[in-house]
Structure formats: structure tokens, C-alpha cells
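Chemist: Next comes the structure file entry_36.txt, holding compact mmCIF, C-alpha atoms.
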```
# COMPACT_ATOMS: atom_id res chain seq x y z
CA MET A 1 201.60 159.27 42.17
CA SER A 2 199.20 156.63 43.31
CA HIS A 3 196.04 157.38 45.23
CA PRO A 4 196.74 158.21 48.83
CA VAL A 5 195.41 155.36 50.86
CA SER A 6 193.56 156.59 53.86
CA THR A 7 195.16 155.44 57.03
CA ILE A 8 192.02 156.07 59.06
CA PRO A 9 189.93 152.90 59.10
CA ILE A 10 186.23 153.30 58.33
CA HIS A 11 185.35 152.05 61.77
CA SER A 12 187.72 153.52 64.23
CA PRO A 13 188.94 150.68 66.44
CA VAL A 14 188.42 152.77 69.56
CA LEU A 15 184.71 153.20 70.21
CA GLU A 16 183.54 155.89 72.59
CA PRO A 17 181.42 154.67 75.50
CA GLY A 18 178.29 156.31 76.92
CA MET A 19 176.53 159.42 75.58
CA LYS A 20 179.49 160.45 73.44
CA GLY A 21 179.37 157.02 71.90
CA LEU A 22 175.65 157.41 71.22
CA VAL A 23 176.25 160.62 69.29
CA SER A 24 179.30 159.41 67.40
CA ASP A 25 177.69 156.07 66.50
CA TRP A 26 174.62 157.77 65.09
CA SER A 27 176.62 160.42 63.22
CA ALA A 28 178.96 157.85 61.70
CA ASP A 29 178.22 156.97 58.11
CA GLN A 30 177.40 153.48 56.86
CA GLN A 31 176.61 151.84 60.14
CA SER A 32 175.13 153.05 63.40
CA PHE A 33 174.87 149.77 65.26
CA LYS A 34 178.39 148.63 65.95
CA LYS A 35 179.13 145.14 67.14
CA VAL A 36 175.62 143.94 66.34
CA PRO A 37 175.14 141.34 63.61
CA TRP A 38 172.50 142.61 61.19
CA GLY A 39 170.36 139.54 61.77
CA LYS A 40 170.08 140.55 65.39
CA THR A 41 169.18 144.14 64.49
CA MET A 42 166.45 142.84 62.18
CA MET A 43 165.08 140.56 64.90
CA TRP A 44 164.98 143.45 67.35
CA ILE A 45 163.17 145.66 64.85
CA PHE A 46 160.63 142.90 64.33
CA LEU A 47 160.25 142.55 68.08
CA VAL A 48 159.60 146.28 68.44
CA SER A 49 156.83 146.01 65.87
CA ASP A 50 155.46 142.97 67.68
CA THR A 51 155.57 144.96 70.91
CA PHE A 52 153.23 147.46 69.30
CA ILE A 53 150.86 144.72 68.16
CA PHE A 54 150.57 143.22 71.65
CA SER A 55 150.31 146.70 73.15
CA ILE A 56 147.39 147.46 70.91
CA PHE A 57 145.70 144.26 72.08
CA LEU A 58 146.26 145.07 75.72
CA ILE A 59 145.18 148.70 75.26
CA SER A 60 141.96 147.61 73.56
CA TYR A 61 141.46 145.21 76.46
CA MET A 62 141.86 148.13 78.86
CA THR A 63 139.43 150.21 76.84
CA VAL A 64 136.67 147.58 76.71
CA ARG A 65 137.10 146.65 80.35
CA MET A 66 136.92 150.28 81.48
CA SER A 67 133.95 151.12 79.31
CA THR A 68 131.64 148.19 79.98
CA PRO A 69 128.86 148.77 82.51
CA ASP A 70 128.62 144.97 83.02
CA LEU A 71 130.50 143.09 85.71
CA TRP A 72 133.92 141.83 84.61
CA PRO A 73 134.32 138.09 85.41
CA ASN A 74 136.76 137.40 88.24
CA SER A 75 139.69 135.72 86.52
CA SER A 76 140.96 134.36 89.82
CA GLU A 77 137.81 132.21 90.00
CA VAL A 78 137.39 131.54 86.28
CA PHE A 79 140.86 130.04 86.02
CA ALA A 80 140.78 128.14 89.30
CA LEU A 81 141.24 124.39 89.30
CA THR A 82 140.06 121.89 91.85
CA LEU A 83 143.00 119.80 92.98
CA GLY A 84 142.57 117.20 95.70
CA GLY A 85 139.12 118.50 96.55
CA LYS A 86 140.41 122.03 97.11
CA GLU A 87 139.89 124.93 94.76
CA ILE A 88 143.17 126.71 94.04
CA PRO A 89 142.92 130.05 92.20
CA LEU A 90 144.83 130.56 88.94
CA VAL A 91 146.90 127.44 89.55
CA LEU A 92 147.20 126.42 85.91
CA ILE A 93 148.20 129.95 84.87
CA ALA A 94 150.85 130.05 87.60
CA LEU A 95 152.21 126.73 86.38
CA MET A 96 152.28 128.02 82.78
CA THR A 97 154.15 131.11 83.98
CA PHE A 98 156.80 129.02 85.72
CA ILE A 99 157.14 126.76 82.69
CA LEU A 100 157.72 129.72 80.39
CA ILE A 101 160.28 131.28 82.74
CA THR A 102 162.09 127.95 82.99
CA SER A 103 162.14 127.69 79.22
CA SER A 104 163.61 131.19 79.06
CA GLY A 105 166.33 130.04 81.42
CA THR A 106 167.17 126.97 79.34
CA MET A 107 167.15 129.17 76.23
CA ALA A 108 169.72 131.47 77.83
CA MET A 109 171.79 128.37 78.59
CA ALA A 110 171.51 127.23 74.97
CA VAL A 111 172.79 130.62 73.73
CA ASN A 112 175.65 130.50 76.22
CA TYR A 113 176.73 126.94 75.37
CA GLY A 114 176.38 127.79 71.69
CA TYR A 115 179.00 130.49 71.98
CA ARG A 116 181.18 128.00 73.85
CA LYS A 117 180.85 125.74 70.77
CA ASP A 118 179.44 122.99 72.97
CA ARG A 119 177.27 121.36 70.34
CA ARG A 120 175.78 118.63 72.49
CA THR A 121 174.70 120.80 75.42
CA THR A 122 173.32 123.46 73.09
CA PHE A 123 171.23 120.82 71.34
CA VAL A 124 169.94 119.39 74.63
CA MET A 125 169.08 122.86 75.98
CA LEU A 126 167.23 123.80 72.77
CA MET A 127 165.25 120.56 72.91
CA ILE A 128 164.31 121.13 76.57
CA THR A 129 163.22 124.67 75.68
CA ALA A 130 161.10 123.36 72.80
CA LEU A 131 159.58 120.70 75.04
CA LEU A 132 158.66 123.25 77.72
CA GLY A 133 157.19 125.51 75.03
CA ALA A 134 155.13 122.64 73.65
CA SER A 135 153.83 121.79 77.12
CA PHE A 136 152.84 125.44 77.55
CA VAL A 137 150.79 125.27 74.35
CA GLY A 138 149.29 121.98 75.55
CA MET A 139 148.17 123.56 78.82
CA GLN A 140 146.72 126.47 76.94
CA ALA A 141 144.73 124.06 74.79
CA PHE A 142 143.47 122.41 78.00
CA GLU A 143 142.53 125.81 79.40
CA TRP A 144 140.67 126.81 76.24
CA THR A 145 138.81 123.49 76.21
CA LYS A 146 137.76 123.92 79.83
CA LEU A 147 136.59 127.49 79.27
CA ILE A 148 134.66 126.65 76.11
CA THR A 149 133.03 123.39 77.16
CA GLU A 150 132.59 123.80 80.93
CA GLU A 151 132.23 127.54 81.47
CA GLY A 152 130.48 128.30 78.18
CA ILE A 153 132.75 131.23 77.34
CA ARG A 154 132.50 132.41 73.73
CA PRO A 155 134.12 135.33 71.89
CA TRP A 156 130.69 136.99 71.69
CA GLY A 157 129.47 136.38 75.24
CA ASN A 158 129.61 134.33 78.38
CA PRO A 159 127.37 133.51 81.34
CA LEU A 160 129.73 135.17 83.86
CA GLY A 161 129.44 138.84 82.95
CA ALA A 162 130.83 141.27 80.40
CA ALA A 163 130.71 139.84 76.87
CA GLN A 164 134.07 141.41 76.06
CA PHE A 165 135.81 139.02 78.46
CA GLY A 166 135.64 136.18 75.96
CA SER A 167 136.74 138.17 72.93
CA VAL A 168 139.73 139.64 74.75
CA PHE A 169 140.68 136.30 76.24
CA PHE A 170 140.63 134.36 72.99
CA MET A 171 142.32 137.11 70.99
CA VAL A 172 145.16 137.86 73.40
CA THR A 173 145.97 134.32 74.55
CA GLY A 174 145.38 133.01 71.03
CA PHE A 175 147.89 135.42 69.56
CA HIS A 176 150.39 134.66 72.29
CA GLY A 177 149.88 130.92 71.87
CA THR A 178 150.50 131.29 68.14
CA HIS A 179 153.77 133.02 68.93
CA VAL A 180 154.77 130.21 71.28
CA SER A 181 153.91 127.59 68.65
CA ILE A 182 155.98 129.37 66.01
CA GLY A 183 158.79 129.58 68.56
CA VAL A 184 158.66 125.85 69.19
CA ILE A 185 158.93 125.18 65.43
CA LEU A 186 161.90 127.57 65.17
CA LEU A 187 163.59 125.92 68.16
CA LEU A 188 163.19 122.46 66.64
CA ILE A 189 164.63 123.64 63.31
CA PHE A 190 167.62 125.23 65.00
CA ALA A 191 168.14 122.30 67.38
CA PHE A 192 168.37 120.11 64.26
CA LYS A 193 170.85 122.52 62.67
CA VAL A 194 173.00 122.51 65.80
CA TRP A 195 172.88 118.72 66.05
CA ARG A 196 173.85 118.35 62.38
CA GLY A 197 176.76 120.75 62.91
CA ASP A 198 175.55 123.35 60.40
CA LEU A 199 176.44 126.24 62.68
CA GLU A 200 179.80 124.87 63.73
CA HIS A 201 180.92 124.26 60.14
CA GLU A 202 179.38 127.54 58.92
CA ARG A 203 177.27 125.79 56.29
CA PRO A 204 174.95 128.12 54.38
CA GLY A 205 171.32 128.05 55.44
CA PHE A 206 168.74 126.70 52.98
CA LEU A 207 166.63 129.86 52.97
CA THR A 208 169.07 132.76 52.93
CA GLY A 209 172.30 131.01 51.98
CA ARG A 210 174.05 132.91 54.73
CA LYS A 211 176.96 131.38 56.53
CA GLY A 212 175.85 129.54 59.65
CA GLY A 213 177.04 130.69 63.05
CA TYR A 214 176.09 130.46 66.68
CA GLU A 215 174.79 134.04 66.82
CA THR A 216 171.65 132.71 65.10
CA ILE A 217 170.92 130.83 68.34
CA GLU A 218 171.08 134.16 70.16
CA ILE A 219 168.67 135.63 67.59
CA VAL A 220 166.20 132.76 68.03
CA GLY A 221 166.70 133.25 71.76
CA LEU A 222 165.67 136.89 71.47
CA TYR A 223 162.36 135.80 69.94
CA TRP A 224 161.83 133.20 72.64
CA HIS A 225 162.57 135.62 75.50
CA PHE A 226 160.18 138.09 73.88
CA VAL A 227 157.40 135.51 74.00
CA ASP A 228 158.13 135.12 77.71
CA LEU A 229 158.18 138.91 78.09
CA VAL A 230 154.74 139.27 76.51
CA TRP A 231 153.41 136.61 78.88
CA VAL A 232 154.65 138.68 81.84
CA PHE A 233 152.36 141.51 80.71
CA ILE A 234 149.40 139.25 79.88
CA PHE A 235 149.75 137.52 83.25
CA ALA A 236 149.79 140.85 85.08
CA PHE A 237 147.04 142.64 83.20
CA PHE A 238 144.65 139.91 82.15
CA TYR A 239 144.93 137.26 84.85
CA LEU A 240 145.94 139.18 87.97
CA TRP A 241 144.30 142.61 87.51
CA MET B 1 179.96 139.85 60.36
CA SER B 2 183.54 140.13 61.47
CA GLU B 3 183.00 143.02 63.85
CA ALA B 4 180.22 141.29 65.75
CA GLU B 5 181.17 140.45 69.27
CA ASN B 6 179.83 137.37 70.95
CA GLN B 7 177.50 137.97 73.84
CA GLN B 8 179.29 135.59 76.15
CA HIS B 9 178.82 135.94 79.86
CA PRO B 10 179.29 133.67 82.85
CA ILE B 11 176.54 131.10 83.38
CA GLY B 12 176.15 132.24 86.99
CA ILE B 13 174.41 135.49 86.12
CA TYR B 14 171.74 133.67 84.09
CA LEU B 15 171.07 131.28 86.95
CA LYS B 16 170.73 134.14 89.42
CA ILE B 17 168.31 136.02 87.17
CA TRP B 18 166.38 132.82 86.59
CA LEU B 19 165.99 132.37 90.35
CA LEU B 20 164.96 136.02 90.74
CA LEU B 21 162.31 135.63 88.05
CA PHE B 22 160.95 132.62 89.90
CA VAL B 23 160.78 134.57 93.15
CA LEU B 24 159.09 137.54 91.46
CA SER B 25 156.55 135.29 89.73
CA THR B 26 155.74 133.59 93.01
CA ALA B 27 155.35 137.00 94.61
CA SER B 28 152.91 138.19 91.96
CA TYR B 29 150.96 134.95 92.28
CA MET B 30 150.81 135.46 96.05
CA VAL B 31 149.18 138.85 95.44
CA ASP B 32 146.24 136.97 93.97
CA TYR B 33 146.39 134.05 96.37
CA PHE B 34 146.14 136.22 99.47
CA HIS B 35 143.47 138.45 97.90
CA VAL B 36 145.39 141.70 98.18
CA GLU B 37 142.92 144.29 96.89
CA SER B 38 142.64 147.76 95.38
CA TYR B 39 145.58 150.13 95.05
CA LEU B 40 148.06 147.91 96.88
CA ARG B 41 147.16 145.05 94.51
CA TRP B 42 147.60 147.15 91.37
CA THR B 43 150.85 148.66 92.59
CA LEU B 44 152.33 145.28 93.49
CA ILE B 45 151.25 143.73 90.18
CA ILE B 46 152.85 146.53 88.18
CA VAL B 47 156.04 146.60 90.26
CA PHE B 48 156.60 142.84 89.94
CA MET B 49 155.71 142.97 86.24
CA LEU B 50 158.17 145.77 85.49
CA LEU B 51 160.94 144.09 87.48
CA LYS B 52 160.44 140.84 85.60
CA ALA B 53 160.26 142.56 82.22
CA GLY B 54 163.37 144.60 83.03
CA LEU B 55 165.37 141.55 84.04
CA ILE B 56 164.36 139.60 80.95
CA VAL B 57 165.23 142.45 78.58
CA ALA B 58 168.43 143.48 80.36
CA VAL B 59 170.00 140.10 81.02
CA PHE B 60 168.32 137.35 78.99
CA MET B 61 168.04 139.57 75.91
CA HIS B 62 171.51 141.04 76.58
CA MET B 63 170.43 144.68 76.45
CA MET B 64 172.70 145.68 79.34
CA TRP B 65 175.72 144.68 77.28
CA GLU B 66 174.70 146.37 74.02
CA ARG B 67 175.92 149.80 72.97
CA LEU B 68 173.76 152.79 73.91
CA ALA B 69 173.04 153.72 70.27
CA PHE B 70 171.34 150.35 69.86
CA VAL B 71 169.61 150.31 73.23
CA TYR B 72 167.99 153.71 72.67
CA ALA B 73 166.92 152.87 69.11
CA ILE B 74 165.09 149.78 70.39
CA LEU B 75 163.78 150.81 73.81
CA LEU B 76 162.71 154.42 73.24
CA PRO B 77 160.01 153.93 70.54
CA PRO B 78 157.84 151.66 72.76
CA LEU B 79 157.53 154.57 75.22
CA LEU B 80 155.03 156.05 72.74
CA ILE B 81 152.66 153.34 73.95
CA LEU B 82 152.16 155.39 77.14
CA THR B 83 150.53 158.12 75.06
CA PHE B 84 148.29 155.54 73.45
CA ILE B 85 147.28 154.19 76.87
CA GLY B 86 146.33 157.74 77.89
CA ILE B 87 144.19 158.26 74.79
CA GLY B 88 142.55 154.86 75.31
CA ALA B 89 141.73 155.61 78.94
CA LEU B 90 140.16 158.99 78.05
CA GLU B 91 138.03 157.39 75.35
CA ALA B 92 137.01 154.51 77.63
CA ASP B 93 135.92 156.88 80.40
CA TYR B 94 133.78 158.82 77.95
CA THR B 95 132.20 155.64 76.56
CA PHE B 96 131.47 154.43 80.07
CA LEU B 97 129.80 157.73 80.91
CA THR B 98 127.54 157.70 77.84
CA ARG B 99 126.68 154.04 78.39
CA SER B 100 125.85 154.65 82.04
CA ILE B 101 123.47 157.42 81.04
CA PHE B 102 121.92 155.46 78.19
CA PHE B 103 121.43 152.19 80.08
CA PHE B 104 120.32 153.80 83.34
CA LYS B 105 116.92 152.35 84.28
CA GLY B 106 116.32 154.17 87.53
CA ALA B 107 117.71 153.49 90.95
CA PRO B 108 117.68 149.78 91.95
```
Would you give me this structure, written as C-alpha cells?

Modeler:
Amino acid sequence: MSHPVSTIPIHSPVLEPGMKGLVSDWSADQQSFKKVPWGKTMMWIFLVSDTFIFSIFLISYMTVRMSTPDLWPNSSEVFALTLGGKEIPLVLIALMTFILITSSGTMAMAVNYGYRKDRRTTFVMLMITALLGASFVGMQAFEWTKLITEEGIRPWGNPLGAAQFGSVFFMVTGFHGTHVSIGVILLLIFAFKVWRGDLEHERPGFLTGRKGGYETIEIVGLYWHFVDLVWVFIFAFFYLW
Amino acid sequence: MSEAENQQHPIGIYLKIWLLLFVLSTASYMVDYFHVESYLRWTLIIVFMLLKAGLIVAVFMHMMWERLAFVYAILLPPLLILTFIGIGALEADYTFLTRSIFFFKGAP
């Protein structure tokens, strides 16, 4: 007698929804996250860890701002620009916010057109996203230059008030800007891969040797949206508070 | 992975969320522009921030279409940050108190 072949598939084709699904997914062996490519799971786990890093920055910012007896500089005035003879508060930061949101929108479009196997549109959308990201970094460089050369703000002190203002500003926006820059590089790499047809023809990647596919665009997209997400918090707590 | 399902949704929903994010960003900028102050300012900032963050995570990052087992595994751990904020605030208040006493040079 041959081995009885189990007729129950390892992953039951019918998946329970809701709370029951939560329990049965977690109590299943081998794999808890159904219908999620592992690359996406890994990206999310990285993003959770990155969430903690940025949280620690923002919490230390809260701590130093609450504990300093010195006056905290008014960011609305520090980041104002004079346009057409009129001083507009925070105008550059608002523009940067809109640029990042727009780039998030074009990124979502890129993911969507990727799954539609529309190579050309995906490529164009990725390039627009990269361009918007690069312009964001450019504006940040402009902002840093203005703050360093005109306002005399340094990580160890500034003429406007609490010394911690400078250290928090350079650390938080610097880390975020680094993330944006890395994102732009990633976007350019993947735009090139899309354009060359690597994802469409499932060619193995040069680093991992994994089969190419359009879900990698979604994974890159997750990173990009996260960068936008972090900016939402920085904008609220550092610039507006 | 063969079991992976594509996250494909109509373009319309992305455009609507995009528009909403624009409106919310404008609203939070207006809070500063019109010099809304004190508790109203802080409430509005946090409300607009949370709405924007929620929309980005739910729609752009596709969380609303993922299975609950995955959503909870990713979104529950960051809640610990709230505890950390509490600890930080306690510590900061104490530091502020000691500094105020130490640097106090008499009434101005």
C-alpha cells in the first residue's frame, strides 16, 4: 500500500475573513501572512523598525523642547520666505509638503499601471516620482543653506533662542532627507528595470537573483509612501507646533 | 510567490485620496497661516495629521485590503510608542522643574 496522500491542501483554499481569520492564520503552521509576497512582508518589517527610529527622534525633540527654559524659535517665522515683497510664513515647507504628496500620488499610479503591465506608463510615473523627490531634496538643501548662512543656525546653538532647535532640526530633517535621497536612487533603479522589461520578462535581479515581477514596484512604493508618511509627522510636530 | 494576490484597485480611489490629502495639507497649513493658537491649534494639527497618515497607510500602502493577521502584526507594535511618549513627557517635566529652580535668578 502506498502512502496515503493527504487530500487536504496545506493552505486551505477557503480563507476565513475577520477575527476568525486572524486566529486561524496565526495558528496555521508554516505561514501566517497569506497572500503577501515575502518581499513585501520584509519591507513592512523594515518600515516598522524605521517607524521606531523616527519616533525616537520626535520623542527626543518633544523632551528637549519641553525641558528647555529658553524660548523656542517660532518656526512659522524662521521658515518664512519673502515673495514679491511680502513675507509668507512656512511657504517653502508647504510647497515641499505638496510636492511629496504629489509624488506619493504618482507612485500609487506607477504601482497601479505596473500591475496592469503597462510598461511605458509605469516608467513615466516612476520617473515623475523620482523627479519630484529630487526637487524635494533640492528645496531642503536650499532651506538648510538659508538657515545656516542667513540665520546662523548651528546644531549647537542659534541666535533665535533654545540651542536645541538647531540640533533637532538638522537631525530630523537630515535623516528624512537621507531617506528621500535613497528613495530617489531606488526609484531610478526600478524605473530602469521597468523600462528594460526586466519585470515583465521575469528576469532575475542582479542582487538577489529572484525572479522579477511587478510586485517589487509595490514594495518600492511602500518605502516611498512611508517617506511621505514620516514627513506628515515632521510637518505637524516640528514646523506647525 | 504563486499565492500572492495583486493589489489592483481602480485608479479613481487613488485620485480621490490624493485630492483629500491635498485638502488636508492645505487645511493644516491654514492653521498656521491664520495664527490659530493654543489648544485649538494643537487639536487641529493632530487631527489633520492623523487623517493624512491614516489615508496614506490605508489606501496608498494598501493596508485596508490586507488580511487582518498582517495588519495587526504591522500596526499594533507602533502603539508602544505612546508609552514612550508618556515616559518622555514625565522626564521632560522633571528636567524643566529642576532647571527652573537651578537657573532662577530672582524675579525680573

Chemist: Show which residues sit within 12 Å of Leu44 in chain B, as JSON, numbers by chain. Count all atoms listed in the file, and ignore same-chain residues fewer than 2 positions away.

Modeler: {"A": [236, 237, 240, 241], "B": [24, 25, 27, 28, 29, 30, 31, 32, 36, 37, 38, 39, 40, 41, 42, 46, 47, 48, 49, 50, 51]}

Chemist: With only C-alpha atoms as the atoms that count, which of A:Leu100, A:Val78, A:Tyr113, A:Ile182 lies nearest to Glu143 in chain A?

Modeler: A:Val78

Chemist: Choose the residue, out of A:Phe238, A:Phe79, A:Trp72, A:Phe98, that has the smallest atom-to-atom separation from chain B; count all atoms listed in the file.

Modeler: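 Comparing A:Phe238, A:Phe79, A:Trp72, A:Phe98 against chain B, the winner is A:Phe98.
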
Chemist: Please report as an MDAnalysis selection string which residues of chain A come no farther than 6 Å from chain B, using all atoms listed in the file.

Modeler: chainID A and resid 22 33 35:37 63 66:67 105 222 229

Chemist: Keeping only C-alpha atoms, write the selected residues as a CSV table (one decimal), keeping the file's coordinate frame.

Modeler:
```csv
chain,number,residue,atom,x,y,z
A,22,LEU,CA,175.6,157.4,71.2
A,33,PHE,CA,174.9,149.8,65.3
A,35,LYS,CA,179.1,145.1,67.1
A,36,VAL,CA,175.6,143.9,66.3
A,37,PRO,CA,175.1,141.3,63.6
A,63,THR,CA,139.4,150.2,76.8
A,66,MET,CA,136.9,150.3,81.5
A,67,SER,CA,134.0,151.1,79.3
A,105,GLY,CA,166.3,130.0,81.4
A,222,LEU,CA,165.7,136.9,71.5
A,229,LEU,CA,158.2,138.9,78.1
```

Chemist: May I ask which of the residues A:Leu187, A:Met109, A:Pro69, A:Pro155 is the closest one to Phe102 in chain B, counting only C-alpha atoms?

Modeler: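 Of the candidates, the smallest distance to Phe102 in chain B is held by A:Pro69.
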
Chemist: Around (149.2, 134.4, 83.8) in the file's own coordinates, what residues are found within 8 Å if you use only C-alpha atoms, given back as a list in words?

Modeler: Leu90, Ile93, Ala94, Met96, Thr97, Trp231, Val232, Ile234, Phe235, Ala236, Phe238, Tyr239 and Leu240 of chain A

Chemist: If you measure from CA of Val64 in chain A to CA of Thr178 in chain A, what distance in Å do you get, rounded to one decimal?

Modeler: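 Value for the CA of Val64 in chain A-CA of Thr178 in chain A distance: 23.0 Å.
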
Chemist: One number please: CA of Ala162 in chain A to CA of Gly85 in chain A, in Å, one decimal.

Modeler: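 Straight-line distance from CA of Ala162 in chain A to CA of Gly85 in chain A works out to 29.1 Å.
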
Chemist: Taking 2 positions as the minimum chain separation for residues in the same chain, which residues sit within 12 Å of Thr51 in chain A when counting all atoms listed in the file? Answer as a JSON list (two decimals) with C-alpha atoms, in the frame of the given file.

Modeler:
```json
[["chain", "number", "residue", "atom", "x", "y", "z"],
["A", 44, "TRP", "CA", 164.98, 143.45, 67.35],
["A", 45, "ILE", "CA", 163.17, 145.66, 64.85],
["A", 46, "PHE", "CA", 160.63, 142.90, 64.33],
["A", 47, "LEU", "CA", 160.25, 142.55, 68.08],
["A", 48, "VAL", "CA", 159.60, 146.28, 68.44],
["A", 49, "SER", "CA", 156.83, 146.01, 65.87],
["A", 53, "ILE", "CA", 150.86, 144.72, 68.16],
["A", 54, "PHE", "CA", 150.57, 143.22, 71.65],
["A", 55, "SER", "CA", 150.31, 146.70, 73.15],
["A", 56, "ILE", "CA", 147.39, 147.46, 70.91],
["A", 57, "PHE", "CA", 145.70, 144.26, 72.08],
["A", 58, "LEU", "CA", 146.26, 145.07, 75.72],
["A", 59, "ILE", "CA", 145.18, 148.70, 75.26],
["A", 176, "HIS", "CA", 150.39, 134.66, 72.29],
["A", 223, "TYR", "CA", 162.36, 135.80, 69.94],
["A", 226, "PHE", "CA", 160.18, 138.09, 73.88],
["A", 227, "VAL", "CA", 157.40, 135.51, 74.00],
["A", 229, "LEU", "CA", 158.18, 138.91, 78.09],
["A", 230, "VAL", "CA", 154.74, 139.27, 76.51],
["A", 231, "TRP", "CA", 153.41, 136.61, 78.88],
["A", 233, "PHE", "CA", 152.36, 141.51, 80.71],
["B", 74, "ILE", "CA", 165.09, 149.78, 70.39],
["B", 75, "LEU", "CA", 163.78, 150.81, 73.81],
["B", 77, "PRO", "CA", 160.01, 153.93, 70.54],
["B", 78, "PRO", "CA", 157.84, 151.66, 72.76],
["B", 79, "LEU", "CA", 157.53, 154.57, 75.22],
["B", 80, "LEU", "CA", 155.03, 156.05, 72.74],
["B", 81, "ILE", "CA", 152.66, 153.34, 73.95]]
```

Chemist: Tell me, as a PDB file with C-alpha atoms, in the coordinates of the input, which residues lie within 9 Å of Ala163 in chain A, counting only C-alpha atoms; anything in the same chain fewer than 4 positions away does not count.

Modeler:
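What ended up in out-v7.pdb:
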```pdb
ATOM      1  CA  THR A  68     131.640 148.190  79.980  1.00  0.00           C
ATOM      2  CA  ASP A  70     128.620 144.970  83.020  1.00  0.00           C
ATOM      3  CA  TRP A  72     133.920 141.830  84.610  1.00  0.00           C
ATOM      4  CA  ILE A 153     132.750 131.230  77.340  1.00  0.00           C
ATOM      5  CA  ARG A 154     132.500 132.410  73.730  1.00  0.00           C
ATOM      6  CA  PRO A 155     134.120 135.330  71.890  1.00  0.00           C
ATOM      7  CA  TRP A 156     130.690 136.990  71.690  1.00  0.00           C
ATOM      8  CA  GLY A 157     129.470 136.380  75.240  1.00  0.00           C
ATOM      9  CA  ASN A 158     129.610 134.330  78.380  1.00  0.00           C
ATOM     10  CA  PRO A 159     127.370 133.510  81.340  1.00  0.00           C
ATOM     11  CA  SER A 167     136.740 138.170  72.930  1.00  0.00           C
TER      12      SER A 167
END
```

Chemist: Could you pull the residues within 10 Å of Trp144 in chain A, counting only C-alpha atoms, minus those fewer than 5 positions along the same chain, as a list of chain:residue names?

Modeler: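 Within the cut-off, the hits are A:Gly138, A:Met139, A:Thr149, A:Glu150, A:Glu151, A:Ile153, A:Phe169, A:Phe170, A:Thr173, A:Gly174.
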
Chemist: What is the distance between CA of Asn112 in chain A and CA of Thr41 in chain A, in Å to one decimal?

Modeler: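 Between CA of Asn112 in chain A and CA of Thr41 in chain A the gap is 19.1 Å.
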